[in-house]
Every structure is written in C-alpha cells, then in structure tokens.
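Down below is the structure, laid out as structure tokens.
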Amino acid sequence: MLSIDRSIIDAIVAHARRDHPDEACGVVAGPAGSDTPVRLIPMDNAARSMTFYEFDSMEQLRVWREMDDRDEEPVVIYHSHTATEAYPSRTDISFAGEPGAHYLLVSTRDPETAEIRSYRIVDGAVTEEEVRIVDAGVDQHAVQSYMFGQSPTTVDYECSGR
C-alpha cells in the first residue's frame, strides 16, 4: 500500500495537468528505508511526448545524487497518461528500474477528474496496490475523544526505572 500526503498528490495532479497533452513525470523522495514519500521532485519529460516519458539523463543524475547526499531514495516514481487509463504500458514496465519504488500513474484523459493508481513493478511483474491519501494537516495520532470532568484515580510523577 502506498500512503501519501494529499498535498503531494494534488501537486502531482497539477503537474500532470500543466504538462498535458505531454506526459508529466517526476519523483517523490523519502528517507532511505522508510517507504515514506515526503519531497516532491517534478522533472522534465525529455521525450516531450503524449505517449512516452523519459527523464532527462543529466537531470536524473543530479536528482539521484541529491537524494544520495540527503540519505533519501525514490519512494515514488510518477508519470501521467494523457489519453489512456492509469495502467503501466509495456514500455513503462520495461523501464521500471527501481524495484523498491511505487509507480504512481495519473490519467489526465478526463479534464474533470484525475484517475490515480499505484503499482509495484519488479522483474516485469505488475502488481496494483491501494493508495491511501493522508492529510498531513490532521495529526493521525491525535486524541480523537475527550473526557471532560474526568481525572485519573492515581498519578505517578516519579520515574523509578523499574
């Protein structure tokens, strides 16, 4: 399952709409080993194509070096499909070179809605996964219920280390 912040999804969709009718592409980096996408890196589609995306080799080298310097990795690799569903093409599958990454696709074929789907692509095998969009503005661990007028029966202010 891919858990990703709503603001990142919104920015990816905006990038895809902005580059339409060409495919948009980019990376969402996160701390190495965390599987947590936190830093959006929109990239240029060097192919400038409606049916194909390709990272510019110099930009990709710069971005991957920057991720290395920051102890990050590509958690999500995304691109858009402008006229078809959000499913990896044979070309997408053949170029999927990051087995630990989530491959997020956004279809911009409908100007009113964006279809967003995520996949794991390992050795040519495509597995769709659930996308869980979280709202960072809301603390997922915040207290959800309150007890007014209640107090604990005992309070221990000492930390004995036992």
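Ligands are numbered from 1 in the order shown, residues from 1 within each chain, and chains are lettered A, B, ... in the order they appear in the structure tokens.
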Open item on the list: Could you list, as a ChimeraX atom specification, every residue within 10 Å of A:His15, counting only C-alpha atoms and ignoring same-chain residues fewer than 4 positions away?
Closed with: /A:9-11,19-20,23-26,42-43,79-80
Counting only C-alpha atoms, which residues of stretch 65-152 of chain A sit at most 9 Å from some atom of stretch 44-58 of chain A, and what is each one's closest atom pair with its distance in Å to one decimal, listed by chain and rising residue number, as a Markdown table?
```
| residue | atom | partner | partner_atom | distance |
| --- | --- | --- | --- | --- |
| A:His79 | CA | A:Tyr53 | CA | 7.3 |
| A:Ser80 | CA | A:Tyr53 | CA | 8.5 |
| A:His81 | CA | A:Thr51 | CA | 7.0 |
| A:Thr82 | CA | A:Met50 | CA | 6.4 |
| A:Ala83 | CA | A:Met50 | CA | 8.1 |
| A:Thr91 | CA | A:Phe52 | CA | 8.0 |
| A:Asp92 | CA | A:Phe52 | CA | 8.3 |
```
Same residues, all heavy atoms, saved as a compact mmCIF listing (two decimals), in the first residue's frame:
```txt
# COMPACT_ATOMS: atom_id res chain seq x y z
N HIS A 79 4.28 9.30 -13.32
CA HIS A 79 4.10 9.93 -14.63
C HIS A 79 2.62 9.89 -14.98
O HIS A 79 1.81 9.27 -14.30
CB HIS A 79 4.97 9.28 -15.71
CG HIS A 79 4.51 7.96 -16.21
ND1 HIS A 79 4.74 6.78 -15.54
CD2 HIS A 79 3.85 7.62 -17.34
CE1 HIS A 79 4.24 5.77 -16.22
NE2 HIS A 79 3.69 6.25 -17.33
N SER A 80 2.28 10.62 -16.03
CA SER A 80 0.88 10.69 -16.43
C SER A 80 0.66 9.98 -17.76
O SER A 80 1.59 9.80 -18.54
CB SER A 80 0.44 12.16 -16.54
OG SER A 80 1.19 12.83 -17.53
N HIS A 81 -0.57 9.57 -17.94
CA HIS A 81 -1.04 9.08 -19.23
C HIS A 81 -2.10 10.08 -19.68
O HIS A 81 -3.02 10.39 -18.91
CB HIS A 81 -1.64 7.68 -19.12
CG HIS A 81 -0.61 6.60 -19.04
ND1 HIS A 81 -0.94 5.27 -19.01
CD2 HIS A 81 0.74 6.64 -19.00
CE1 HIS A 81 0.16 4.54 -18.95
NE2 HIS A 81 1.20 5.35 -18.92
N THR A 82 -1.97 10.56 -20.89
CA THR A 82 -2.83 11.65 -21.32
C THR A 82 -4.10 11.20 -22.06
O THR A 82 -5.05 11.97 -22.13
CB THR A 82 -2.05 12.62 -22.23
OG1 THR A 82 -1.59 11.90 -23.38
CG2 THR A 82 -0.86 13.21 -21.48
N ALA A 83 -4.10 9.99 -22.57
CA ALA A 83 -5.25 9.54 -23.34
C ALA A 83 -5.71 8.15 -22.96
O ALA A 83 -6.67 7.63 -23.53
CB ALA A 83 -4.92 9.57 -24.84
N THR A 91 6.12 -0.32 -22.32
CA THR A 91 7.33 0.50 -22.21
C THR A 91 7.59 0.90 -20.76
O THR A 91 8.72 0.82 -20.28
CB THR A 91 7.21 1.75 -23.10
OG1 THR A 91 6.93 1.35 -24.44
CG2 THR A 91 8.47 2.58 -23.07
N ASP A 92 6.52 1.32 -20.06
CA ASP A 92 6.66 1.67 -18.64
C ASP A 92 7.25 0.50 -17.85
O ASP A 92 8.13 0.67 -17.02
CB ASP A 92 5.31 2.04 -18.03
CG ASP A 92 4.69 3.29 -18.62
OD1 ASP A 92 5.42 4.12 -19.20
OD2 ASP A 92 3.45 3.43 -18.51
```
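Nearest residue to A:Glu73, choosing from A:Ala29, A:Ile8, A:Met1, A:Val131 and counting only C-alpha atoms: A:Ala29.
Atom pair atom CA of A:Pro111 / atom CA of A:Thr36 has a distance of 29.3 Å (rounded to one decimal).
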Open item on the list: I need the residues in stretch 53-132 of chain A that are helix (DSSP H, G or I) according to DSSP; give them as a ChimeraX atom specification.
Closed with: /A:57-69,90-95
Open item on the list: Taking only C-alpha atoms into account, name the residue in A:Ala16, A:Gly124, A:Arg62, A:Ala32 that is nearest to A:Ser89.
Closed with: A:Gly124
- [ ] Using only C-alpha atoms, determine which residues lie at most 7 Å from A:Ile133, disregarding the query and same-chain residues fewer than 5 positions distant; provide the list as a ChimeraX atom specification.
- [x] /A:3-6
Written selection (N, CA and C atoms) as a PDB file, in the first residue's frame:
```
ATOM      1  N   SER A   3       1.041   5.010   1.080  1.00  0.00           N
ATOM      2  CA  SER A   3       0.470   6.093   1.882  1.00  0.00           C
ATOM      3  C   SER A   3       1.170   7.374   1.468  1.00  0.00           C
ATOM      4  N   ILE A   4       0.396   8.353   1.048  1.00  0.00           N
ATOM      5  CA  ILE A   4       0.969   9.586   0.516  1.00  0.00           C
ATOM      6  C   ILE A   4       0.106  10.774   0.917  1.00  0.00           C
ATOM      7  N   ASP A   5       0.764  11.877   1.193  1.00  0.00           N
ATOM      8  CA  ASP A   5       0.073  13.082   1.640  1.00  0.00           C
ATOM      9  C   ASP A   5      -0.756  13.698   0.510  1.00  0.00           C
ATOM     10  N   ARG A   6      -1.910  14.191   0.874  1.00  0.00           N
ATOM     11  CA  ARG A   6      -2.817  14.815  -0.098  1.00  0.00           C
ATOM     12  C   ARG A   6      -2.137  15.963  -0.852  1.00  0.00           C
TER      13      ARG A   6
END
```
Task: DSSP-assigned strand (DSSP E or B) among chain A, expressed as number ranges by chain - done: A: 2-5, 25-31, 39-43, 45, 55, 72-81, 102-107, 115-122, 125-129, 131-134
- [ ] Work out how far atom CA of A:Arg120 is from atom CA of A:Val28, in Å to one decimal.
- [x] 14.9 Å
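With distances taken over only C-alpha atoms, A:Glu72 is the one residue among A:Glu72, A:Gln60, A:Val13, A:Pro21 lying closest to A:Arg39.
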Open item on the list: Between A:Asp135, A:Glu130, A:Glu66, A:Glu85, which residue has the minimum interatomic distance to A:His102, considering only C-alpha atoms?
Closed with: A:Glu130
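From atom CA of A:Tyr119 back to atom CA of A:Asp22, the distance works out to 21.4 Å.
Candidate residues A:Pro74, A:Ser94, A:Leu61, A:Ala136 were compared for distance to A:Gly33, and the nearest is A:Pro74, using only C-alpha atoms.
Distance check against A:Ala101 using only C-alpha atoms: of A:Val75, A:Val122, A:Met67, A:Ala86, the minimum falls on A:Val75.
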